[in-house]
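A.B. asks: Here you go, this is final_20.txt (compact mmCIF, C-alpha atoms).
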# COMPACT_ATOMS: atom_id res chain seq x y z
CA MET A 132 0.00 0.00 0.00
CA PRO A 133 1.41 3.44 -0.90
CA ALA A 134 2.63 5.60 1.98
CA ASP A 135 -0.04 8.27 1.37
CA ALA A 136 -2.78 5.63 1.49
CA ASP A 137 -1.45 4.34 4.80
CA ALA A 138 -1.34 7.87 6.13
CA SER A 139 -5.02 8.36 5.30
CA LYS A 140 -5.82 5.33 7.46
CA ALA A 141 -4.85 7.30 10.55
CA ASP A 142 -7.40 9.96 9.66
CA ASP A 143 -10.03 7.26 9.09
CA PHE A 144 -9.51 5.64 12.50
CA SER A 145 -11.78 7.84 14.61
CA GLY A 146 -14.49 7.75 11.97
CA ILE A 147 -14.53 3.97 11.58
CA ILE A 148 -14.52 3.47 15.37
CA ALA A 149 -17.48 5.86 15.73
CA SER A 150 -19.37 4.09 12.94
CA ILE A 151 -18.66 0.64 14.41
CA ASP A 152 -19.80 1.80 17.85
CA GLN A 153 -23.05 3.13 16.40
CA LEU A 154 -23.70 -0.11 14.50
CA LEU A 155 -22.92 -2.23 17.56
CA SER A 156 -25.32 -0.15 19.64
CA THR A 157 -28.05 -0.51 17.02
CA LEU A 158 -27.54 -4.29 16.94
CA GLY A 159 -27.39 -4.64 20.72
CA MET A 160 -23.76 -5.77 20.62
CA CYS A 161 -20.46 -4.58 22.06
CA HIS A 162 -16.71 -4.75 21.34
CA GLU A 163 -16.44 -8.13 23.05
CA ASP A 164 -18.77 -9.57 20.39
CA LEU A 165 -16.10 -8.90 17.76
CA ASP A 166 -13.31 -11.38 17.10
CA LEU A 167 -10.57 -9.53 18.95
CA GLU A 168 -8.20 -12.47 18.58
CA GLU A 169 -8.49 -12.29 14.78
CA ILE A 170 -7.96 -8.52 14.82
CA SER A 171 -4.85 -9.07 16.92
CA TYR A 172 -3.66 -11.76 14.49
CA GLN A 173 -4.06 -9.39 11.54
CA THR A 174 -2.33 -6.44 13.19
CA ALA A 175 0.21 -7.94 15.64
CA ILE A 176 -1.38 -5.73 18.31
CA PRO A 177 -2.04 -7.60 21.58
CA VAL A 178 -5.71 -8.26 22.33
CA ASP A 179 -5.71 -6.08 25.46
CA ARG A 180 -4.25 -3.20 23.47
CA VAL A 181 -6.84 -3.72 20.70
CA ARG A 182 -9.54 -3.58 23.38
CA SER A 183 -8.09 -0.35 24.77
CA LEU A 184 -7.84 1.32 21.37
CA LEU A 185 -11.43 0.39 20.56
CA ALA A 186 -12.45 1.94 23.88
CA GLY A 187 -10.77 5.23 22.96
CA ALA A 188 -7.25 4.93 24.37
CA GLU A 189 -4.86 7.56 23.10
CA ALA A 190 -2.13 6.55 20.66
CA GLU A 191 1.26 6.18 22.26
CA PRO A 192 4.60 7.23 20.71
CA GLU A 193 6.00 4.37 18.66
CA ASP A 194 9.59 3.50 17.85
CA LEU A 195 9.54 2.12 14.32
CA HIS A 196 12.61 -0.02 14.97
CA ASP A 197 11.07 -1.65 18.06
CA THR A 198 7.75 -2.03 16.27
CA PHE A 199 9.42 -3.83 13.38
CA LYS A 200 11.23 -6.24 15.71
CA GLN A 201 8.06 -7.02 17.69
CA ARG A 202 6.02 -7.62 14.54
CA LEU A 203 8.67 -9.83 12.95
CA ILE A 204 8.81 -11.97 16.10
CA PHE A 205 4.99 -12.04 16.13
CA LEU A 206 4.87 -13.26 12.52
CA ARG A 207 7.39 -15.99 13.18
CA GLU A 208 5.32 -17.16 16.17
CA THR A 209 1.92 -17.03 14.44
CA ARG A 210 2.56 -17.74 10.71
CA LEU A 211 3.71 -21.32 11.02
CA LYS A 212 4.64 -23.99 8.51
CA PRO A 213 2.05 -26.61 7.48
CA ASP A 214 3.53 -28.96 10.10
CA GLY A 215 2.84 -26.38 12.82
CA LYS A 216 6.49 -25.51 13.41
CA ARG A 217 8.16 -22.12 13.18
CA TYR A 218 10.21 -21.25 10.12
CA THR A 219 13.92 -21.61 10.75
CA LEU A 220 16.29 -18.75 10.11
CA ASP A 221 17.62 -20.62 7.07
CA GLU A 222 14.11 -21.02 5.66
CA ILE A 223 13.32 -17.34 6.16
CA ALA A 224 16.65 -16.41 4.60
CA ALA A 225 16.04 -18.64 1.58
CA GLY A 226 12.51 -17.28 1.13
CA THR A 227 13.46 -13.63 1.38
CA GLY A 228 16.86 -13.58 -0.28
CA VAL A 229 18.78 -12.32 2.75
CA SER A 230 21.47 -14.11 4.73
CA HIS A 231 20.92 -16.34 7.73
CA GLY A 232 22.96 -13.93 9.81
CA GLN A 233 20.92 -10.90 8.76
CA VAL A 234 17.66 -12.65 9.70
CA GLY A 235 19.10 -13.28 13.14
CA TYR A 236 20.18 -9.66 13.48
CA LEU A 237 16.69 -8.47 12.46
CA LEU A 238 14.97 -10.74 14.99
CA ASN A 239 17.34 -9.51 17.71
CA GLY A 240 16.81 -5.87 16.78
CA GLU A 241 20.45 -5.40 15.83
CA ARG A 242 19.82 -4.29 12.24
CA ARG A 243 17.40 -1.87 10.60
CA PRO A 244 15.80 -3.32 7.46
CA GLY A 245 15.66 -1.50 4.16
CA PHE A 246 12.51 -1.23 2.06
CA THR A 247 13.49 -4.22 -0.09
CA VAL A 248 13.93 -6.45 2.95
CA LEU A 249 10.64 -5.23 4.43
CA ALA A 250 8.80 -6.07 1.22
CA SER A 251 10.44 -9.50 1.03
CA LEU A 252 9.48 -10.33 4.61
CA GLU A 253 5.88 -9.17 4.07
CA GLN A 254 5.64 -11.34 0.98
CA PHE A 255 7.23 -14.33 2.73
CA PHE A 256 4.79 -14.19 5.65
CA ASN A 257 1.87 -13.31 3.36
CA VAL A 258 0.82 -10.08 5.04
CA SER A 259 -0.31 -6.82 3.48
CA PRO A 260 2.25 -4.30 2.23
CA GLY A 261 2.94 -1.80 5.00
CA PHE A 262 2.44 -4.37 7.77
CA PHE A 263 5.75 -3.47 9.41
CA THR A 264 5.57 0.30 8.96
CA ALA A 265 1.92 1.03 9.83
CA THR A 266 1.19 2.70 13.14
CA GLU A 267 -1.19 1.02 15.58
CA ARG A 268 -4.05 3.24 14.43
CA GLN A 269 -3.31 2.59 10.77
CA ALA A 270 -3.04 -1.16 11.27
CA LEU A 271 -6.21 -1.34 13.35
CA SER A 272 -8.13 0.87 10.92
CA ARG A 273 -7.21 -1.49 8.07
CA ALA A 274 -8.19 -4.60 10.05
CA LEU A 275 -11.53 -3.06 11.05
CA GLN A 276 -12.63 -2.36 7.46
CA PRO A 277 -14.08 -5.87 6.87
CA VAL A 278 -15.55 -5.90 10.40
CA HIS A 279 -17.31 -2.62 9.67
CA GLU A 280 -18.58 -4.00 6.37
CA SER A 281 -19.94 -7.11 8.08
CA LEU A 282 -21.74 -5.00 10.68
CA MET A 283 -23.36 -2.93 7.93
CA HIS A 284 -24.49 -6.09 6.13
CA LEU A 285 -25.87 -7.50 9.39
CA ALA A 286 -27.79 -4.29 10.08
CA LEU A 287 -29.31 -4.44 6.59
CA LEU A 288 -30.18 -8.11 6.85
CA LYS A 289 -31.81 -7.79 10.27
CA GLY A 290 -33.42 -4.39 9.86
CA LYS A 291 -34.26 -3.56 6.25
CA GLY A 292 -33.95 -6.77 4.30
CA VAL A 293 -31.69 -7.17 1.31
CA SER A 294 -32.05 -8.49 -2.22
CA HIS A 295 -30.31 -11.71 -3.24
CA LEU A 296 -28.19 -9.76 -5.72
CA ALA A 297 -26.69 -7.81 -2.80
CA LEU A 298 -25.42 -10.95 -1.11
CA ARG A 299 -21.88 -10.81 -2.49
CA SER A 300 -18.91 -12.84 -1.31
CA SER A 301 -17.69 -9.89 0.77
CA ILE A 302 -20.53 -10.48 3.21
CA THR A 303 -18.51 -13.15 5.00
CA GLN A 304 -15.48 -10.94 5.58
CA GLY A 305 -14.89 -10.56 9.27
CA ALA A 306 -17.28 -13.44 10.02
CA SER A 307 -15.90 -15.99 12.42
CA SER A 308 -16.84 -17.83 15.62
CA SER A 309 -17.40 -14.46 17.34
CA ARG A 310 -20.94 -13.31 18.00
CA LEU A 311 -20.71 -11.01 14.97
CA GLY A 312 -19.83 -13.96 12.75
CA LEU A 313 -22.63 -16.13 14.16
CA GLU A 314 -25.22 -13.35 13.90
CA LEU A 315 -24.16 -12.55 10.34
CA ARG A 316 -24.42 -16.14 9.17
CA ALA A 317 -27.80 -16.58 10.86
CA ALA A 318 -29.19 -13.42 9.26
CA LEU A 319 -27.77 -14.38 5.88
CA ALA A 320 -29.31 -17.85 6.09
CA ALA A 321 -32.69 -16.35 7.02
CA ALA A 322 -32.55 -13.89 4.12
CA ILE A 323 -31.62 -16.57 1.58
CA SER A 324 -34.37 -18.87 2.84
CA GLN A 325 -37.07 -16.30 2.11
CA PRO A 326 -39.11 -17.21 -1.00
CA GLU A 327 -38.60 -15.03 -4.02
CA PRO A 328 -41.60 -12.81 -4.87
CA GLU A 329 -43.61 -13.70 -7.91
CA ASP A 330 -42.45 -11.38 -10.65
CA PRO A 331 -43.72 -12.04 -14.19
CA GLU A 332 -40.83 -10.13 -15.77
CA VAL A 333 -38.21 -12.07 -13.84
CA ARG A 334 -39.96 -15.34 -14.61
CA GLU A 335 -40.12 -14.44 -18.30
CA LEU A 336 -36.42 -13.57 -18.38
CA THR A 337 -35.56 -16.83 -16.61
CA ASN A 338 -37.60 -18.91 -19.02
CA THR A 339 -36.07 -17.10 -21.99
CA MET A 340 -32.54 -17.77 -20.75
CA LEU A 341 -33.33 -21.44 -20.17
CA SER A 342 -34.67 -21.81 -23.69
CA LEU A 343 -31.48 -20.52 -25.31
CA PRO A 344 -28.74 -22.86 -26.57
CA THR A 345 -25.82 -23.34 -24.21
CA LYS A 346 -23.45 -21.28 -26.35
CA SER A 347 -25.87 -18.34 -26.49
CA ARG A 348 -26.40 -18.41 -22.74
CA ARG A 349 -22.65 -18.34 -22.17
CA GLN A 350 -22.31 -15.29 -24.41
CA ILE A 351 -25.21 -13.37 -22.84
CA LEU A 352 -24.70 -14.21 -19.16
CA PRO A 353 -21.43 -12.19 -18.76
CA LEU A 354 -23.21 -9.13 -20.20
CA ILE A 355 -26.04 -9.49 -17.68
CA LYS A 356 -23.60 -9.96 -14.81
CA ASP A 357 -21.69 -6.88 -15.92
CA MET A 358 -24.87 -4.79 -15.94
CA LEU A 359 -25.77 -6.03 -12.45
CA GLY A 360 -22.29 -5.33 -11.13
CA LEU A 361 -21.57 -8.98 -10.44
CA VAL A 362 -18.37 -9.25 -12.50
CA ARG A 363 -15.26 -9.28 -10.33
CA PRO A 364 -11.95 -7.82 -11.52
CA GLY A 365 -9.87 -10.51 -13.16
CA ASP A 366 -12.83 -12.68 -14.17
CA ALA A 367 -12.18 -14.19 -17.57
CA PRO A 368 -15.01 -14.90 -20.04
CA PRO A 369 -15.82 -18.62 -20.21
CA ASP A 370 -14.49 -20.60 -23.15
CA ASP A 371 -16.96 -21.62 -25.79
CA ASP A 372 -18.21 -25.17 -25.46
CA PRO A 373 -16.67 -27.09 -28.39
CA ALA A 374 -19.67 -29.34 -28.46
CA THR A 375 -21.97 -26.45 -29.31
CA SER A 376 -19.64 -24.59 -31.70
Please, can you express the file's structure as structure tokens?

C.D. replies:
Amino acid sequence: MPADADASKADDFSGIIASIDQLLSTLGMCHEDLDLEEISYQTAIPVDRVRSLLAGAEAEPEDLHDTFKQRLIFLRETRLKPDGKRYTLDEIAAGTGVSHGQVGYLLNGERRPGFTVLASLEQFFNVSPGFFTATERQALSRALQPVHESLMHLALLKGKGVSHLALRSSITQGASSSRLGLELRAALAAAISQPEPEDPEVRELTNTMLSLPTKSRRQILPLIKDMLGLVRPGDAPPDDDPATS
């Protein structure tokens, strides 16, 4: 993420906290109903500190060098190999292109990393660009974006209803075993289970689509999805079916 974009996150922090608090109040929920452990995992901020920041604690002066060391140690302790073990210094060195010795120095806080090393470490541990350089407020603001989105979806589902076309994949972001996640899935299931209203125009369109040859449907469907805003960036048009060519 560009530096100026990260900087804007600090300005967004108070606003997103205020909006989340309002949504939680409307839904009869509180900060403890959020998945604070997941927020901590995404930010490397201890759960108690996350709780304090959500409650309005003031930002404290941060030493970027100490912050980097703490977050690198955190990543090594939480982003484990498939066998559940920590990455060795040799494995981190091989994956990032730096020496075994330099990895050790970085973990001990004896070296300051350059931008290239920072980017390599972020890529190796599969975290967002800027993970090491973001302030607490910036990191928390970023992690709260999907939580805020989930709360808005939940408020819509429980209070105003929502059309099936609005139920995009993003609705599950931030959903977990926390109360927010459980409430969101329950509301989503209830919305999906509602019978569709009888609409002659929709029924006519459906029947028309079903009557078309497979090849024609495959050519028309992407256009309809595009008009409805259902095409995601990077989606490729389906190949023609050789059997119908």

A.B. asks: Measuring atom to atom with all atoms listed in the file, identify which of A:Pro277, A:Gly240, A:Gly245, A:Gly226 is nearest to A:Thr198.

C.D. replies: A:Gly240

A.B. asks: Which of these residues is nearest to A:Ile204, using all atoms listed in the file: A:Leu252, A:Leu158, A:Ala274, A:Ala225?

C.D. replies: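 When distances to A:Ile204 are compared using all atoms listed in the file, the smallest one comes from A:Leu252.
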
A.B. asks: Applying 12 Å and only C-alpha atoms, which residues near A:Thr247 remain after dropping the ones on its own chain fewer than 2 positions away? List them as a PyMOL selection string.

C.D. replies: chain A and resi 227-229+243-245+249-254+260-261

A.B. asks: From the list A:Ile151, A:Ser156, A:Val181, A:Ser230, which residue is nearest A:Glu169 when using all atoms listed in the file?

C.D. replies: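 Using all atoms listed in the file, A:Glu169 sits closest to A:Val181.
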
A.B. asks: Quote the spacing between atom CA of A:Met160 and atom CA of A:Pro177 in Å to one decimal place.

C.D. replies: 21.8 Å

A.B. asks: Residues within 9 Å of stretch 208-215 of chain A, please, as a VMD selection string. Count all atoms listed in the file; anything in the same chain fewer than 4 positions from it doesn't count.

C.D. replies: chain A and resid 172 203 to 204 256 to 257

A.B. asks: Next, dump the selected residues to file, keeping only C-alpha atoms, as a CSV table (one decimal), keeping the file's coordinate frame.

C.D. replies:
chain,number,residue,atom,x,y,z
A,172,TYR,CA,-3.7,-11.8,14.5
A,203,LEU,CA,8.7,-9.8,13.0
A,204,ILE,CA,8.8,-12.0,16.1
A,256,PHE,CA,4.8,-14.2,5.6
A,257,ASN,CA,1.9,-13.3,3.4

A.B. asks: Mind giving me the axis-aligned box for stretch 153-158 of chain A with 3 Å on every side, centre plus edges in Å to one decimal, as lines of an AutoDock Vina configuration file?

C.D. replies:
center_x = -25.5
center_y = -0.6
center_z = 17.1
size_x = 11.1
size_y = 13.4
size_z = 11.1

A.B. asks: Would you compute the distance between atom CA of A:Gly187 and atom CA of A:Arg207? Give it in Å to one decimal.

C.D. replies: 29.6 Å

A.B. asks: In terms of the shortest atom-to-atom distance over all atoms listed in the file, which of A:Leu237, A:Phe144, A:Gln201, A:Leu271 is closest to A:Ser171?

C.D. replies: A:Leu271

A.B. asks: Write out as a PyMOL selection string which residues come within 7 Å of A:Phe263 when counting only C-alpha atoms, dropping same-chain ones fewer than 2 positions away.

C.D. replies: chain A and resi 199+202+261+265

A.B. asks: Check the smallest atom-to-atom distance from each of A:Ser342, A:Thr266, A:Ser309, A:Thr174 to A:Pro192 using all atoms listed in the file, then report the winner.

C.D. replies: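 Using all atoms listed in the file, A:Pro192 sits closest to A:Thr266.
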
A.B. asks: Excluding same-chain residues fewer than 4 positions from A:Gln153, what lies within 12 Å of it counting only C-alpha atoms, as a ChimeraX atom specification?

C.D. replies: /A:146-149,157-162,279,282-283,286

A.B. asks: So what do you get for atom CA of A:Ala186 versus atom CA of A:Ala318, distance-wise?

C.D. replies: 27.0 Å

A.B. asks: Select, from A:Ile223, A:Ala175, A:Leu275, A:Leu206, the residue with the minimum atom-to-atom distance to A:Asp143, counting all atoms listed in the file.

C.D. replies: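 Using all atoms listed in the file, the shortest distance to A:Asp143 belongs to A:Leu275.
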